Amino acid sequence: MSKVFYFFLFSSLIFSCQTETESAQSIIDNTIKIAGGEAYDKFKLEFDFRGRHYISERDGFDFKYHRITTDSIGTTIDTYSSKDPFKRTVNEEHIAISDSLAGRIENSINSVNYFVLLPYGLNDAAVNKVYLGKTKVKDKEYHKIKVSFDQEGGGKDFEDIYIYWINMETSKIDFLAYSFHVDGGGMRFREAYNERYVSGIRFVDYNNYKPRDPEADLLELDVLFEKGELQLLSKIETENIKVSQ
């Protein structure tokens with residue numbers, strides 16, 4: 001084959017990859033716009049999740065997250081911020097903890113906020129998006145997008161992979177799936193429900209599933225969901241949401 005043929009073949013492959021990336025980017029841009037848009041630029045969010053109270057403040061790229069736990073000991077406040085080191089107070093007294101424990105708490109706080117604020121965050125610099133094509137779930141058409149993370153800036157769970165099903169009619173995330181490596185690893189599939197907007201920002205709860213077959217393919221969890229081959233583990237519910245801007 002001629003060099004000209006290989007040149008055009010190589011060029012077409014590059015163009016195809018660029019088109020898929022650009023398509024995924026434009027879809028995510030619109031999804032973020034529909035879910036909150038400029039309301040994400042600066043806000044203070046309060047909510048309750050699994051017995052704890054969270055206060056999350058964002059101003060552009062700067063953030064400060066508080067997790068407040070009240071129990072028999074009293075009130076424990078864990079604060080994780082983009083500018084200051086991790087801090088824990090118990091009944092207003094500063095408590096020193098190990099770096100490893102602080103790292104685990106930061107990761108937990110970050111994970112809770114990531115899911116609560118989706119799709120905000122999907123345009124972070126460390127996020128890589130690939131368009132996987134169109135598909136149907138429950139007779140509705142969806143864009144299917146894969147998200148991975150760079151090690152630099154991708155957090156402690158940068159190896160996790162996410163799949164998002166974005167409704168072609170509403171531009172909203174109705175389903176998502178992800179693989180994870182902590183605690184032995186595994187996969188989850190989430191079905192959004194109980195949509196509500198608070199001060200212009202979209203929030204949802206989730207039915208949280210896992211595949212019955214541990215060897216299942218992450219990319220095919222939507223197919224297994226429709227076949228009834230996923231096991232419902234829990235409901236992910238965010239309560240008492242307040243937003244001020």
# chains A, B, ... in the order shown; residues from 1 in each chain; ligands from 1
$ select_by_dssp --residues "segment 62-187 of chain A" --states "strand (DSSP E)" --output "VMD selection string"
chain A and resid 62 to 71 74 to 81 87 to 90 93 to 94 127 to 137 140 to 149 161 to 167 173 to 180 186 to 187
$ closest_residue --among "A:Ser111, A:Val147, A:Ala96, A:Asp213" --to "Asn128 of chain A" --atoms "only C-alpha atoms"
A:Val147
$ atom_distance --atom1 "atom CA of Lys227 of chain A" --atom2 "atom CA of Lys136 of chain A"
13.0 Å
$ closest_residue --among "A:Gly36, A:Asn240, A:Glu106, A:Ser98" --to "His66 of chain A" --atoms "only C-alpha atoms"
A:Glu106
$ closest_residue --among "A:Ile95, A:Val137, A:Val243, A:Leu224" --to "Met168 of chain A" --atoms "only C-alpha atoms"
A:Val137
$ residues_around --residues "Pro85 of chain A" --least-positions-apart "6" --cutoff "12 Å" --atoms "only C-alpha atoms" --output "MDAnalysis selection string"
chainID A and resid 64:65 78:79 96:97 99 102:103 106
$ select_by_dssp --residues "segment 8-240 of chain A" --states "alpha helix (DSSP H)" --output "PyMOL selection string"
chain A and resi 8-35+99-116+221-226
$ closest_residue --among "A:Ala192, A:Ala126, A:Ala177, A:Leu233" --to "Asn208 of chain A" --atoms "only C-alpha atoms"
A:Leu233
$ residues_around --residues "Glu169 of chain A" --least-positions-apart "6" --cutoff "9 Å" --atoms "only C-alpha atoms" --output "PyMOL selection string"
chain A and resi 140-142
$ write_last_selection --atoms "C-alpha atoms" --output "PDB file, in the first residue's frame"
ATOM      1  CA  LYS A 140     -35.122   5.956  26.140  1.00  0.00           C
ATOM      2  CA  GLU A 141     -32.122   7.013  24.076  1.00  0.00           C
ATOM      3  CA  TYR A 142     -28.859   7.911  25.763  1.00  0.00           C
TER       4      TYR A 142
END
$ residues_around --residues "Phe63 of chain A" --least-positions-apart "4" --cutoff "6 Å" --atoms "only C-alpha atoms" --output "NGL selection string"
:A and (57-58 or 81-82)
$ closest_residue --among "A:Lys134, A:His94, A:Arg202, A:Arg188" --to "Lys33 of chain A" --atoms "only C-alpha atoms"
A:Arg202
$ residues_around --residues "Ser171 of chain A" --least-positions-apart "2" --cutoff "9 Å" --atoms "only C-alpha atoms" --output "count of residues only"
14
$ closest_residue --among "A:Phe61, A:Phe86, A:Phe158, A:Tyr54" --to "Val112 of chain A" --atoms "only C-alpha atoms"
A:Tyr54
$ residues_around --residues "Asp124 of chain A" --least-positions-apart "3" --cutoff "12 Å" --atoms "only C-alpha atoms" --output "list of chain:residue names"
A:Gln25, A:Ile28, A:Asp29, A:Ile32, A:Gly60, A:Phe61, A:Tyr114, A:Leu118, A:Pro119, A:Tyr120, A:Gly121, A:Val127, A:Asn128, A:Lys129, A:Val147, A:Ser148, A:Phe149, A:Asp150, A:Glu152, A:Gly153, A:Gly154, A:Gly155
